[in-house]
Each structure stands twice: as structure tokens, then as C-alpha cells.
file entry_34.tsv (TSV, C-alpha atoms)
chain	number	residue	atom	x	y	z
A	932	MET	CA	0.00	0.00	0.00
A	933	SER	CA	1.34	3.50	-0.81
A	934	GLN	CA	2.83	5.67	1.92
A	935	LEU	CA	0.55	8.22	3.55
A	936	PRO	CA	1.32	11.68	2.11
A	937	SER	CA	2.47	14.45	4.45
A	938	ASN	CA	-0.95	16.13	4.38
A	939	GLY	CA	-2.36	13.13	6.27
A	940	ARG	CA	-4.59	12.05	3.41
A	941	ARG	CA	-4.64	8.99	1.22
A	942	LEU	CA	-5.89	8.70	-2.34
A	943	PHE	CA	-8.04	5.73	-3.33
A	944	HIS	CA	-9.41	4.75	-6.70
A	945	VAL	CA	-13.07	3.76	-6.65
A	946	GLY	CA	-14.16	2.65	-10.09
A	947	GLU	CA	-12.92	5.35	-12.47
A	948	LYS	CA	-12.97	8.02	-9.77
A	949	CYS	CA	-10.63	9.00	-6.95
A	950	MET	CA	-11.41	9.54	-3.30
A	951	ILE	CA	-9.32	11.38	-0.73
A	952	VAL	CA	-9.58	9.74	2.66
A	953	GLU	CA	-8.54	11.56	5.81
A	954	HIS	CA	-5.78	9.90	7.86
A	955	SER	CA	-8.09	9.37	10.84
A	956	GLU	CA	-10.78	7.88	8.61
A	957	PHE	CA	-8.22	5.62	6.98
A	958	HIS	CA	-7.24	4.16	10.33
A	959	ALA	CA	-10.88	3.51	11.21
A	960	TRP	CA	-11.39	1.87	7.81
A	961	ASN	CA	-8.20	-0.15	7.93
A	962	ASN	CA	-9.12	-1.48	11.36
A	963	ASN	CA	-12.49	-2.71	10.06
A	964	SER	CA	-14.28	-0.18	12.18
A	965	PRO	CA	-17.86	0.48	11.15
A	966	ASP	CA	-17.03	4.17	11.69
A	967	MET	CA	-15.32	4.32	8.29
A	968	SER	CA	-17.96	5.32	5.80
A	969	PHE	CA	-17.78	2.13	3.76
A	970	SER	CA	-21.29	3.00	2.59
A	971	SER	CA	-20.20	6.37	1.18
A	972	THR	CA	-17.28	4.72	-0.61
A	973	THR	CA	-19.47	2.13	-2.26
A	974	THR	CA	-22.31	4.57	-2.90
A	975	ASN	CA	-19.98	6.56	-5.18
A	976	MET	CA	-19.23	3.41	-7.14
A	977	TRP	CA	-22.85	2.26	-7.41
A	978	ASP	CA	-23.98	5.74	-8.53
A	979	ASP	CA	-21.60	5.80	-11.50
A	980	LEU	CA	-23.57	4.67	-14.56
A	981	ASP	CA	-21.21	6.13	-17.19
A	982	LEU	CA	-19.58	2.87	-18.30
A	983	LEU	CA	-22.50	0.62	-17.43
A	984	LEU	CA	-23.96	-0.03	-20.88
A	985	ASP	CA	-20.69	-1.37	-22.33
A	986	SER	CA	-19.52	-3.49	-19.38
A	987	PRO	CA	-19.56	-7.30	-19.51
A	988	SER	CA	-21.88	-9.10	-17.06
A	989	SER	CA	-21.13	-12.20	-14.97
A	990	LEU	CA	-24.84	-13.07	-15.26
A	991	SER	CA	-24.36	-13.89	-18.92
A	992	VAL	CA	-20.75	-15.10	-18.91
A	993	THR	CA	-20.10	-18.69	-19.99
A	994	SER	CA	-16.29	-18.89	-20.03
A	995	ASN	CA	-14.11	-19.42	-16.97
A	996	THR	CA	-11.26	-17.13	-18.06
A	997	ARG	CA	-11.82	-14.80	-15.06
A	998	GLY	CA	-11.50	-17.56	-12.48
A	999	THR	CA	-8.45	-18.10	-10.27
A	1000	VAL	CA	-8.65	-21.91	-10.49
A	1001	LYS	CA	-7.90	-23.63	-13.79
A	1002	ASP	CA	-7.40	-27.22	-14.95
A	1003	LYS	CA	-4.04	-28.53	-13.70
A	1004	ALA	CA	-1.92	-29.13	-16.79
A	1005	ASP	CA	-0.16	-32.38	-15.83
A	1006	PHE	CA	-3.15	-33.82	-13.95
A	1007	LYS	CA	-2.84	-37.48	-12.96
A	1008	VAL	CA	-5.92	-38.65	-11.13
A	1009	GLU	CA	-4.27	-41.78	-9.64
A	1010	ASP	CA	-1.42	-39.71	-8.14
A	1011	ASP	CA	-3.90	-37.32	-6.50
A	1012	VAL	CA	-5.99	-40.20	-5.12
A	1013	ALA	CA	-2.86	-41.82	-3.66
A	1014	ALA	CA	-1.77	-38.50	-2.09
A	1015	LEU	CA	-5.22	-37.89	-0.58
A	1016	ARG	CA	-5.48	-41.41	0.82
A	1017	LYS	CA	-2.05	-41.08	2.40
A	1018	ALA	CA	-3.07	-37.72	3.87
A	1019	VAL	CA	-6.23	-39.04	5.58
A	1020	GLU	CA	-5.34	-42.69	6.32
A	1021	GLY	CA	-2.04	-42.15	8.12
A	1022	ILE	CA	-1.61	-41.19	11.76
A	1023	GLY	CA	-2.88	-37.64	11.85
A	1024	THR	CA	-4.24	-35.90	8.80
A	1025	THR	CA	-1.84	-34.06	6.48
A	1026	GLU	CA	-3.85	-30.88	5.93
A	1027	LYS	CA	-1.17	-29.37	3.66
A	1028	THR	CA	-1.69	-32.14	1.08
A	1029	LEU	CA	-5.48	-31.76	1.23
A	1030	VAL	CA	-5.16	-28.02	0.59
A	1031	GLU	CA	-2.62	-28.35	-2.22
A	1032	VAL	CA	-4.54	-31.04	-4.10
A	1033	LEU	CA	-8.11	-29.81	-3.70
A	1034	THR	CA	-7.57	-26.06	-4.20
A	1035	GLN	CA	-5.24	-26.46	-7.18
A	1036	ARG	CA	-7.47	-28.64	-9.36
A	1037	SER	CA	-10.55	-27.53	-11.30
A	1038	ASN	CA	-13.95	-28.74	-10.17
A	1039	ALA	CA	-14.15	-31.12	-13.16
A	1040	GLN	CA	-10.81	-32.64	-12.08
A	1041	ARG	CA	-12.03	-32.92	-8.47
A	1042	GLN	CA	-15.07	-34.87	-9.71
A	1043	LEU	CA	-12.72	-37.37	-11.40
A	1044	ILE	CA	-10.64	-37.58	-8.19
A	1045	ALA	CA	-13.77	-38.22	-6.07
A	1046	LYS	CA	-14.95	-40.98	-8.39
A	1047	ALA	CA	-11.54	-42.71	-8.50
A	1048	TYR	CA	-11.10	-42.25	-4.73
A	1049	GLU	CA	-14.34	-44.09	-3.98
A	1050	LYS	CA	-13.39	-46.90	-6.34
A	1051	ALA	CA	-9.93	-47.28	-4.74
A	1052	ALA	CA	-10.87	-46.78	-1.07
A	1053	GLY	CA	-14.40	-48.19	-0.95
A	1054	ARG	CA	-15.43	-44.99	0.81
A	1055	THR	CA	-16.43	-41.59	-0.57
A	1056	LEU	CA	-13.92	-38.75	-0.42
A	1057	VAL	CA	-16.56	-36.55	1.26
A	1058	ALA	CA	-17.08	-39.15	4.02
A	1059	ASP	CA	-13.33	-39.33	4.68
A	1060	LEU	CA	-12.96	-35.54	4.70
A	1061	GLU	CA	-15.88	-35.26	7.14
A	1062	GLY	CA	-14.30	-37.92	9.35
A	1063	ASP	CA	-10.78	-36.49	9.36
A	1064	THR	CA	-11.23	-32.73	9.36
A	1065	HIS	CA	-13.58	-30.44	11.25
A	1066	GLY	CA	-15.13	-26.99	11.43
A	1067	ASP	CA	-14.71	-24.39	8.70
A	1068	PHE	CA	-11.83	-26.33	7.12
A	1069	GLU	CA	-14.04	-29.40	6.73
A	1070	ASP	CA	-16.87	-27.29	5.25
A	1071	LEU	CA	-14.49	-25.75	2.72
A	1072	LEU	CA	-12.96	-29.06	1.57
A	1073	VAL	CA	-16.37	-30.72	1.26
A	1074	ALA	CA	-17.61	-27.70	-0.74
A	1075	LEU	CA	-14.66	-28.06	-3.14
A	1076	VAL	CA	-15.46	-31.73	-3.81
A	1077	LYS	CA	-19.11	-31.02	-4.72
A	1078	ALA	CA	-20.15	-30.11	-8.26
A	1079	PRO	CA	-21.14	-26.39	-8.48
A	1080	ASP	CA	-24.87	-27.06	-8.94
A	1081	VAL	CA	-24.90	-29.53	-6.02
A	1082	TYR	CA	-22.98	-27.08	-3.82
A	1083	ASP	CA	-25.44	-24.24	-4.58
A	1084	CYS	CA	-28.32	-26.64	-3.91
A	1085	HIS	CA	-26.83	-27.64	-0.51
A	1086	GLU	CA	-26.34	-23.97	0.43
A	1087	VAL	CA	-30.03	-23.31	-0.31
A	1088	ILE	CA	-31.06	-26.39	1.72
A	1089	LYS	CA	-28.97	-25.12	4.66
A	1090	ALA	CA	-30.59	-21.67	4.34
A	1091	ILE	CA	-34.18	-22.98	4.47
A	1092	LYS	CA	-33.99	-25.95	6.82
A	1093	GLY	CA	-34.40	-25.81	10.58
A	1094	ALA	CA	-35.80	-22.94	12.62
A	1095	GLY	CA	-35.77	-19.69	10.69
A	1096	THR	CA	-34.67	-19.03	7.14
A	1097	THR	CA	-31.33	-17.42	6.26
A	1098	GLU	CA	-32.62	-14.80	3.83
A	1099	SER	CA	-29.18	-13.22	3.30
A	1100	THR	CA	-27.89	-16.47	1.76
A	1101	LEU	CA	-30.97	-16.89	-0.46
A	1102	THR	CA	-30.71	-13.24	-1.56
A	1103	GLU	CA	-27.01	-13.57	-2.46
A	1104	ILE	CA	-27.47	-16.81	-4.40
A	1105	PHE	CA	-30.59	-15.95	-6.40
A	1106	ALA	CA	-29.50	-12.35	-7.19
A	1107	SER	CA	-26.03	-13.36	-8.44
A	1108	ARG	CA	-26.71	-16.59	-10.38
A	1109	SER	CA	-27.51	-16.86	-14.09
A	1110	ASN	CA	-30.60	-18.67	-15.42
A	1111	ARG	CA	-28.38	-21.62	-16.36
A	1112	GLN	CA	-26.96	-21.86	-12.82
A	1113	ILE	CA	-30.42	-21.58	-11.23
A	1114	LYS	CA	-31.84	-24.31	-13.48
A	1115	ALA	CA	-28.87	-26.62	-12.74
A	1116	MET	CA	-29.31	-25.98	-9.00
A	1117	SER	CA	-33.04	-26.75	-9.23
A	1118	ALA	CA	-32.32	-30.02	-11.05
A	1119	ALA	CA	-29.78	-30.97	-8.36
A	1120	TYR	CA	-32.37	-30.13	-5.68
A	1121	LEU	CA	-34.95	-32.38	-7.30
A	1122	ALA	CA	-32.43	-35.23	-7.64
A	1123	GLU	CA	-31.37	-34.84	-4.02
A	1124	THR	CA	-34.72	-34.33	-2.29
A	1125	GLY	CA	-37.33	-35.65	-4.74
A	1126	ARG	CA	-39.09	-32.28	-4.39
A	1127	LEU	CA	-39.29	-29.12	-6.45
A	1128	LEU	CA	-37.12	-26.27	-5.18
A	1129	LEU	CA	-39.85	-23.71	-5.96
A	1130	HIS	CA	-42.36	-25.70	-3.93
A	1131	ASP	CA	-40.09	-25.81	-0.88
A	1132	LEU	CA	-39.13	-22.15	-1.17
A	1133	LYS	CA	-42.82	-21.21	-1.27
A	1134	SER	CA	-43.32	-22.62	2.21
A	1135	GLU	CA	-40.27	-20.75	3.58
A	1136	VAL	CA	-40.57	-17.22	2.17
A	1137	SER	CA	-43.57	-14.93	2.08
A	1138	GLY	CA	-44.85	-11.46	1.25
A	1139	ASP	CA	-43.26	-9.28	-1.43
A	1140	TYR	CA	-39.81	-10.70	-0.61
A	1141	GLY	CA	-41.13	-14.20	-1.26
A	1142	LYS	CA	-42.78	-13.08	-4.50
A	1143	ALA	CA	-39.52	-11.57	-5.81
A	1144	LEU	CA	-37.34	-14.48	-4.69
A	1145	LEU	CA	-39.66	-17.05	-6.30
A	1146	LEU	CA	-39.56	-15.15	-9.60
A	1147	LEU	CA	-35.75	-15.20	-9.53
A	1148	ALA	CA	-35.77	-18.89	-8.53
A	1149	GLU	CA	-37.68	-19.77	-11.71
A	1150	GLY	CA	-34.51	-18.93	-13.66
A	1151	LYS	CA	-36.55	-17.31	-16.42
A	1152	ARG	CA	-35.01	-13.85	-16.68
A	1153	ASP	CA	-35.14	-12.62	-20.30
A	1154	GLU	CA	-31.74	-13.33	-21.90
A	1155	SER	CA	-32.05	-11.38	-25.15
A	1156	ALA	CA	-29.03	-9.18	-25.89
A	1157	GLY	CA	-30.93	-6.39	-27.64
A	1158	VAL	CA	-32.13	-3.24	-25.90
A	1159	ASP	CA	-35.49	-1.57	-26.53
A	1160	GLY	CA	-34.86	2.10	-25.74
A	1161	ALA	CA	-38.54	3.05	-25.71
A	1162	LYS	CA	-39.36	0.20	-23.34
A	1163	ALA	CA	-36.48	1.21	-21.03
A	1164	LYS	CA	-37.90	4.76	-20.87
A	1165	ALA	CA	-41.41	3.42	-20.23
A	1166	ASP	CA	-40.17	1.07	-17.48
A	1167	ALA	CA	-38.16	3.88	-15.87
A	1168	LYS	CA	-41.25	6.13	-15.88
A	1169	SER	CA	-43.39	3.28	-14.52
A	1170	LEU	CA	-40.89	2.66	-11.66
A	1171	TYR	CA	-40.73	6.38	-10.87
A	1172	GLU	CA	-44.51	6.58	-10.72
A	1173	ALA	CA	-44.71	3.39	-8.62
A	1174	GLY	CA	-42.25	4.72	-6.04
A	1175	GLU	CA	-41.00	8.24	-5.63
A	1176	LYS	CA	-43.92	9.98	-7.31
A	1177	LYS	CA	-46.75	8.37	-5.36
A	1178	TRP	CA	-47.84	8.12	-1.75
A	1179	GLY	CA	-46.95	4.55	-0.81
A	1180	THR	CA	-44.97	2.25	-3.08
A	1181	ASP	CA	-46.21	-0.24	-5.66
A	1182	GLU	CA	-43.69	-2.97	-4.81
A	1183	GLY	CA	-45.21	-5.32	-7.37
A	1184	ARG	CA	-44.14	-3.07	-10.24
A	1185	PHE	CA	-40.52	-3.03	-9.02
A	1186	ILE	CA	-40.55	-6.82	-8.61
A	1187	GLU	CA	-42.07	-7.42	-12.05
A	1188	ILE	CA	-39.50	-5.29	-13.91
A	1189	LEU	CA	-36.37	-6.10	-11.89
A	1190	CYS	CA	-36.91	-9.88	-11.80
A	1191	HIS	CA	-37.94	-10.36	-15.45
A	1192	ARG	CA	-36.10	-7.94	-17.75
A	1193	SER	CA	-32.75	-8.83	-19.34
A	1194	VAL	CA	-29.50	-7.42	-17.96
A	1195	PRO	CA	-28.84	-5.11	-20.98
A	1196	GLN	CA	-32.46	-3.90	-20.85
A	1197	LEU	CA	-32.26	-3.19	-17.10
A	1198	ARG	CA	-28.97	-1.36	-17.50
A	1199	GLN	CA	-30.60	1.01	-20.00
A	1200	THR	CA	-33.56	1.36	-17.62
A	1201	LEU	CA	-31.22	2.38	-14.77
A	1202	VAL	CA	-29.76	5.13	-16.96
A	1203	GLU	CA	-33.25	6.33	-18.01
A	1204	TYR	CA	-34.45	6.26	-14.39
A	1205	LYS	CA	-31.64	8.57	-13.28
A	1206	ASN	CA	-32.50	10.95	-16.15
A	1207	ILE	CA	-36.11	11.18	-14.91
A	1208	SER	CA	-35.57	11.11	-11.16
A	1209	LYS	CA	-32.08	12.61	-10.70
A	1210	LYS	CA	-31.66	9.81	-8.15
A	1211	THR	CA	-30.46	6.28	-8.95
A	1212	LEU	CA	-32.96	3.44	-8.81
A	1213	GLN	CA	-30.92	1.94	-5.97
A	1214	GLU	CA	-31.32	5.15	-3.93
A	1215	SER	CA	-35.06	5.12	-4.59
A	1216	ILE	CA	-35.41	1.49	-3.47
A	1217	GLU	CA	-33.40	2.26	-0.33
A	1218	SER	CA	-35.63	5.21	0.53
A	1219	GLU	CA	-38.97	3.61	-0.46
A	1220	MET	CA	-38.58	0.05	0.89
A	1221	SER	CA	-37.24	-1.78	3.91
A	1222	GLY	CA	-36.30	-5.21	5.25
A	1223	ASN	CA	-35.62	-8.28	3.13
A	1224	LEU	CA	-37.37	-6.93	0.03
A	1225	GLU	CA	-35.15	-3.82	0.00
A	1226	THR	CA	-32.03	-5.98	0.46
A	1227	LEU	CA	-33.06	-8.34	-2.37
A	1228	LEU	CA	-33.99	-5.64	-4.90
A	1229	VAL	CA	-30.83	-3.65	-4.13
A	1230	ALA	CA	-28.83	-6.88	-4.62
A	1231	VAL	CA	-30.56	-7.43	-7.98
A	1232	VAL	CA	-29.76	-3.86	-9.10
A	1233	LYS	CA	-26.13	-4.25	-7.97
A	1234	CYS	CA	-25.78	-7.59	-9.79
A	1235	VAL	CA	-27.28	-6.10	-12.95
A	1236	LYS	CA	-24.55	-3.47	-12.75
A	1237	ASN	CA	-21.61	-5.54	-11.51
A	1238	VAL	CA	-21.79	-9.00	-9.91
A	1239	PRO	CA	-18.09	-9.05	-8.84
A	1240	ALA	CA	-18.45	-5.69	-7.03
A	1241	TYR	CA	-21.58	-6.95	-5.23
A	1242	LEU	CA	-19.74	-10.10	-4.11
A	1243	ALA	CA	-16.66	-8.06	-3.12
A	1244	GLU	CA	-18.96	-6.06	-0.81
A	1245	ARG	CA	-20.39	-9.29	0.61
A	1246	LEU	CA	-16.85	-10.52	1.34
A	1247	TYR	CA	-15.94	-7.24	3.01
A	1248	GLU	CA	-19.07	-7.32	5.16
A	1249	SER	CA	-18.34	-10.92	6.18
A	1250	MET	CA	-14.96	-9.84	7.61
A	1251	LYS	CA	-15.62	-6.37	9.04
A	1252	GLY	CA	-16.16	-5.72	12.73
A	1253	LEU	CA	-15.86	-8.39	15.38
A	1254	GLY	CA	-15.87	-11.97	14.13
A	1255	THR	CA	-15.89	-13.34	10.61
A	1256	THR	CA	-18.80	-14.99	8.78
A	1257	GLU	CA	-16.85	-17.98	7.47
A	1258	SER	CA	-19.83	-19.53	5.67
A	1259	THR	CA	-20.06	-16.46	3.37
A	1260	LEU	CA	-16.29	-16.45	2.74
A	1261	THR	CA	-16.35	-20.15	1.86
A	1262	ARG	CA	-19.42	-19.91	-0.38
A	1263	ILE	CA	-18.19	-16.95	-2.43
A	1264	LEU	CA	-14.58	-18.07	-2.84
A	1265	VAL	CA	-15.55	-21.64	-3.76
A	1266	SER	CA	-18.50	-20.82	-6.03
A	1267	ARG	CA	-16.73	-18.00	-7.93
A	1268	SER	CA	-13.22	-19.52	-8.13
A	1269	GLU	CA	-13.80	-20.67	-11.72
A	1270	ILE	CA	-16.14	-17.84	-12.81
A	1271	ASP	CA	-15.04	-14.32	-11.86
A	1272	LEU	CA	-12.86	-14.36	-8.74
A	1273	LEU	CA	-10.15	-12.35	-10.55
A	1274	ASP	CA	-12.76	-9.62	-11.11
A	1275	ILE	CA	-13.96	-9.86	-7.49
A	1276	ARG	CA	-10.35	-9.38	-6.35
A	1277	ALA	CA	-9.97	-6.32	-8.60
A	1278	GLU	CA	-13.26	-4.77	-7.38
A	1279	TYR	CA	-12.30	-5.46	-3.76
A	1280	LYS	CA	-9.05	-3.55	-4.16
A	1281	LYS	CA	-10.82	-0.67	-5.96
A	1282	LEU	CA	-13.48	-0.39	-3.27
A	1283	PHE	CA	-11.44	-0.86	-0.11
A	1284	GLY	CA	-7.87	0.12	-1.02
A	1285	TYR	CA	-6.22	-3.17	-0.12
A	1286	THR	CA	-6.20	-6.67	-1.55
A	1287	LEU	CA	-8.63	-9.43	-0.69
A	1288	TYR	CA	-5.60	-11.70	-0.09
A	1289	SER	CA	-4.15	-9.33	2.53
A	1290	GLN	CA	-7.52	-9.13	4.29
A	1291	LEU	CA	-7.77	-12.93	4.35
A	1292	GLU	CA	-4.27	-13.05	5.85
A	1293	SER	CA	-5.40	-10.89	8.77
A	1294	GLU	CA	-8.86	-12.49	9.25
A	1295	VAL	CA	-8.49	-16.27	8.80
A	1296	SER	CA	-5.74	-18.61	9.91
A	1297	GLY	CA	-4.62	-22.24	10.02
A	1298	SER	CA	-5.43	-24.75	7.31
A	1299	TYR	CA	-8.76	-23.03	6.60
A	1300	GLY	CA	-7.02	-19.70	6.00
A	1301	ASN	CA	-4.37	-21.34	3.83
A	1302	ALA	CA	-7.01	-23.05	1.68
A	1303	LEU	CA	-8.91	-19.78	1.17
A	1304	LYS	CA	-5.71	-17.96	0.24
A	1305	HIS	CA	-4.84	-20.71	-2.27
A	1306	LEU	CA	-8.27	-20.22	-3.89
A	1307	CYS	CA	-7.98	-16.44	-3.86
A	1308	GLY	CA	-4.42	-16.17	-5.15
A	1309	GLN	CA	-2.26	-13.06	-4.78
A	1310	ASP	CA	-2.69	-9.95	-6.91
call {"tool": "encode", "arguments": {"input": "entry_34.tsv", "output": "C-alpha cells"}}
result
Amino acid sequence: MSQLPSNGRRLFHVGEKCMIVEHSEFHAWNNNSPDMSFSSTTTNMWDDLDLLLDSPSSLSVTSNTRGTVKDKADFKVEDDVAALRKAVEGIGTTEKTLVEVLTQRSNAQRQLIAKAYEKAAGRTLVADLEGDTHGDFEDLLVALVKAPDVYDCHEVIKAIKGAGTTESTLTEIFASRSNRQIKAMSAAYLAETGRLLLHDLKSEVSGDYGKALLLLAEGKRDESAGVDGAKAKADAKSLYEAGEKKWGTDEGRFIEILCHRSVPQLRQTLVEYKNISKKTLQESIESEMSGNLETLLVAVVKCVKNVPAYLAERLYESMKGLGTTESTLTRILVSRSEIDLLDIRAEYKKLFGYTLYSQLESEVSGSYGNALKHLCGQD
């Protein structure tokens, strides 16, 4: 990180803009204090719509070129199986081997390892990992061995089972996944439980939040690449009249537009909305709504703009203040390691002025920390 200039201020780049941060504020920020106006930093970034229309979107990406984990070039499945068996079957578990093998192979290669492991050992790799490791480290290794659709499905099951529903997890998953990912997750859910995901979600979520989440969970967002300018203007006007312009808010109109329209169409609508309102749609949602519905619709708007920046914020929030939300760290780093983790790393540094890797170094330790850092990679 650059030295602090003599005037006691530090310059940060946020998106294409610069911010000057007072020395005292920087210390509060750098110590994860909620006093640092993290919200004002990110607000500047979310308000900037200048480059929005030409930016790529993770919601429509199909390649894995922006992931940190790639296929291992000289992959030999039998060597990896032998190394893993030695690591878990000897006296004491060799965590270093588990980390090096499982974080440095692609998910497709891990599936081949798991299959060959079961054939050779007569036990599943997941069962052995669950028996020989524990806590967050166990959760991370087991997550790595699952196929992406199965892992997403298990995260949703965890969020809806038992007393209370973890809405923050459901919001993150359904706002940030593409139609293809949602459909694959739903198929995995049906195979695993014999029930429809939509049916089970219906009994767990309710009200306008439930309505919006269920629309997203259908995985039927329009995927056309074209933009209808007149429709974007009409939608922007309709949203303005359903929120800011009237007494009370027509939440249904917001849900209908934000959960159905394509990403390029919504991006144009965000630009048109700001032209009409002089406020961003995100600001309007934040002032007109509250609770889980507000959180979900803001997440949708953020993901329409920039999925990696939204997930960078989620990672930051999972580590700020006292304690760390390891389940969020694990889910994001595992699920995005072959999609857009390089972009998440870049957005993290833009937003917060230091690298995701350096934050992991100060927040997580032991074998769990090492495994996360292997997945993250250094800038």
C-alpha cells in the first residue's frame, strides 16, 4: 500500500474516480471499524452509470477465463488419489496435502478424483474428509469436492432448513446466479430431495420478498441481448410513478421489472431512471422500501450493474467488525473460483484500497485460511 502523504490524506481509486480519505478515517477503515464510511465509498461506485452499458456481465458469462482456479496441466488422477489417501489414512491428517490437491485442481478434475477415490478406497472422499477434518476447514474441503450445482443446492437447503430461514444467503445466491446456474441448482435439488425447489421455497418465504425471490428462482429472466430504448424509458417512468412519485410504493411493479427484464435492458432502464428522477434506482429502493425486500432488490440492481463488485462487498461485510462470517467467505470463494474471482479481487481492491488476499491473511488462519488464500491467489 502507498505511503501516507504528508498532508495526512490517502488517495483511493473507486471505479474510475478517486477519493481522498482523511488519515483518521483511513485508520478507522483499515481497522475494520464500522465508523469508516464504507457505505459512502461504495455509494460513489454504485452511482456511477457512465460505463454501465458497455460493461460485460457475470450473469451472462459462460467462459471461466476470469476464475483463479484452472485445470491442472499435468493432472494425474491416480497420483492425486494416492496422495489424498495417504493424507487421511495415516496417523494424523496431512492438511497441507489436502489443501494443495483440492484447491489447485478444477472442479471437473475434483469430480474425477472423487470418483476414482471411492473406487480405490471403498469410501467416498466426502465421508473421509468429514471424518478427518472439522469446522470451517471441513466445510471448505467438502464444498470443493461437490459439483457447483450440487454445492449451490446444498447452500439453499442449509438456508431454508431448521428454525428460521437465512434470507441473506438466499438473496445472495438468487441475485447473483444466471438462469443456467439456477436451473442446474433446481435439477440438483430435485435429484437430491425428490421435491421441487420452488415448492419448498414457497413454504419458507412470504410477502413481497417471497414473491420476488420465487420469480428469480424460476430462472426465467429474459436473456435477449438487444435493448429496446422506448421500453427502457417506459419502465423507468413506470418505476418512478410506482415509487417516488406516489404516496406509498407499488412494490409489485418493481418486482415485475427487476426480476424479469434482461441485464442489458435493465442497465438502460437504470440510466433512463436517473435521467427522470435525478436519483439512482438503488437510492429510490433504499428510501422507499425496507427489510428483506429492500435488500433483495438492491442486490438485484447491484448484480445487474456488476456481480463481482456486489460479491466483493459481501466478502468485506463478512470480515468487518468483530468476528468473521466464514460460511459467506467459503461460499463466495468456492463458487466463484472458476467464474469471476479475478474480477472480485480487482473490485475489492478498488473499493477498499487493499487486496482481498491481505484481508484474508489478517482475518483467517490455520489450514482453513491457507485453503482460502490458495483459492484467492495473490494480486
call {"tool": "residues_around", "arguments": {"input": "entry_34.tsv", "residues": "region 1177-1192 of chain A", "least_positions_apart": "2", "cutoff": "10 Å", "atoms": "all atoms listed in the file", "output": "ChimeraX atom specification"}}
result
/A:1106,1139-1140,1142-1155,1163,1166-1167,1169-1175,1194-1198,1200,1212,1216,1219-1220,1224-1225,1227-1229,1231-1232,1235
call {"tool": "atom_distance", "arguments": {"input": "entry_34.tsv", "atom1": "CA of Glu1098 (chain A)", "atom2": "CA of Asp1274 (chain A)"}}
result
25.4 Å
call {"tool": "atom_distance", "arguments": {"input": "entry_34.tsv", "atom1": "CA of Asp1063 (chain A)", "atom2": "CA of Thr1024 (chain A)"}}
result
6.6 Å
call {"tool": "residues_around", "arguments": {"input": "entry_34.tsv", "residues": "Asp1080 (chain A)", "least_positions_apart": "5", "cutoff": "12 Å", "atoms": "all atoms listed in the file", "output": "count of residues only"}}
result
24
call {"tool": "closest_residue", "arguments": {"input": "entry_34.tsv", "among": "A:Ser1268, A:Thr1097, A:Thr1102, A:Ser1296", "to": "Arg1036 (chain A)", "atoms": "only C-alpha atoms"}}
result
A:Ser1268
call {"tool": "closest_residue", "arguments": {"input": "entry_34.tsv", "among": "A:Gly1138, A:Gly1308, A:Glu1203, A:Lys1236", "to": "Gly1222 (chain A)", "atoms": "all atoms listed in the file"}}
result
A:Gly1138
call {"tool": "atom_distance", "arguments": {"input": "entry_34.tsv", "atom1": "CA of Thr1096 (chain A)", "atom2": "CA of Lys1233 (chain A)"}}
result
22.8 Å
call {"tool": "residues_around", "arguments": {"input": "entry_34.tsv", "residues": "Gln1290 (chain A)", "least_positions_apart": "6", "cutoff": "12 Å", "atoms": "all atoms listed in the file", "output": "PDB file with C-alpha atoms, in the coordinates of the input"}}
result
ATOM      1  CA  ASN A 961      -8.200  -0.150   7.930  1.00  0.00           C
ATOM      2  CA  ASN A 962      -9.120  -1.480  11.360  1.00  0.00           C
ATOM      3  CA  ASN A 963     -12.490  -2.710  10.060  1.00  0.00           C
ATOM      4  CA  ALA A1243     -16.660  -8.060  -3.120  1.00  0.00           C
ATOM      5  CA  LEU A1246     -16.850 -10.520   1.340  1.00  0.00           C
ATOM      6  CA  TYR A1247     -15.940  -7.240   3.010  1.00  0.00           C
ATOM      7  CA  GLU A1248     -19.070  -7.320   5.160  1.00  0.00           C
ATOM      8  CA  SER A1249     -18.340 -10.920   6.180  1.00  0.00           C
ATOM      9  CA  MET A1250     -14.960  -9.840   7.610  1.00  0.00           C
ATOM     10  CA  LYS A1251     -15.620  -6.370   9.040  1.00  0.00           C
ATOM     11  CA  THR A1255     -15.890 -13.340  10.610  1.00  0.00           C
ATOM     12  CA  LEU A1260     -16.290 -16.450   2.740  1.00  0.00           C
ATOM     13  CA  ARG A1276     -10.350  -9.380  -6.350  1.00  0.00           C
ATOM     14  CA  TYR A1279     -12.300  -5.460  -3.760  1.00  0.00           C
ATOM     15  CA  LYS A1280      -9.050  -3.550  -4.160  1.00  0.00           C
ATOM     16  CA  PHE A1283     -11.440  -0.860  -0.110  1.00  0.00           C
ATOM     17  CA  GLY A1284      -7.870   0.120  -1.020  1.00  0.00           C
ATOM     18  CA  SER A1296      -5.740 -18.610   9.910  1.00  0.00           C
ATOM     19  CA  GLY A1300      -7.020 -19.700   6.000  1.00  0.00           C
ATOM     20  CA  LEU A1303      -8.910 -19.780   1.170  1.00  0.00           C
ATOM     21  CA  LYS A1304      -5.710 -17.960   0.240  1.00  0.00           C
ATOM     22  CA  CYS A1307      -7.980 -16.440  -3.860  1.00  0.00           C
ATOM     23  CA  GLN A1309      -2.260 -13.060  -4.780  1.00  0.00           C
TER      24      GLN A1309
END
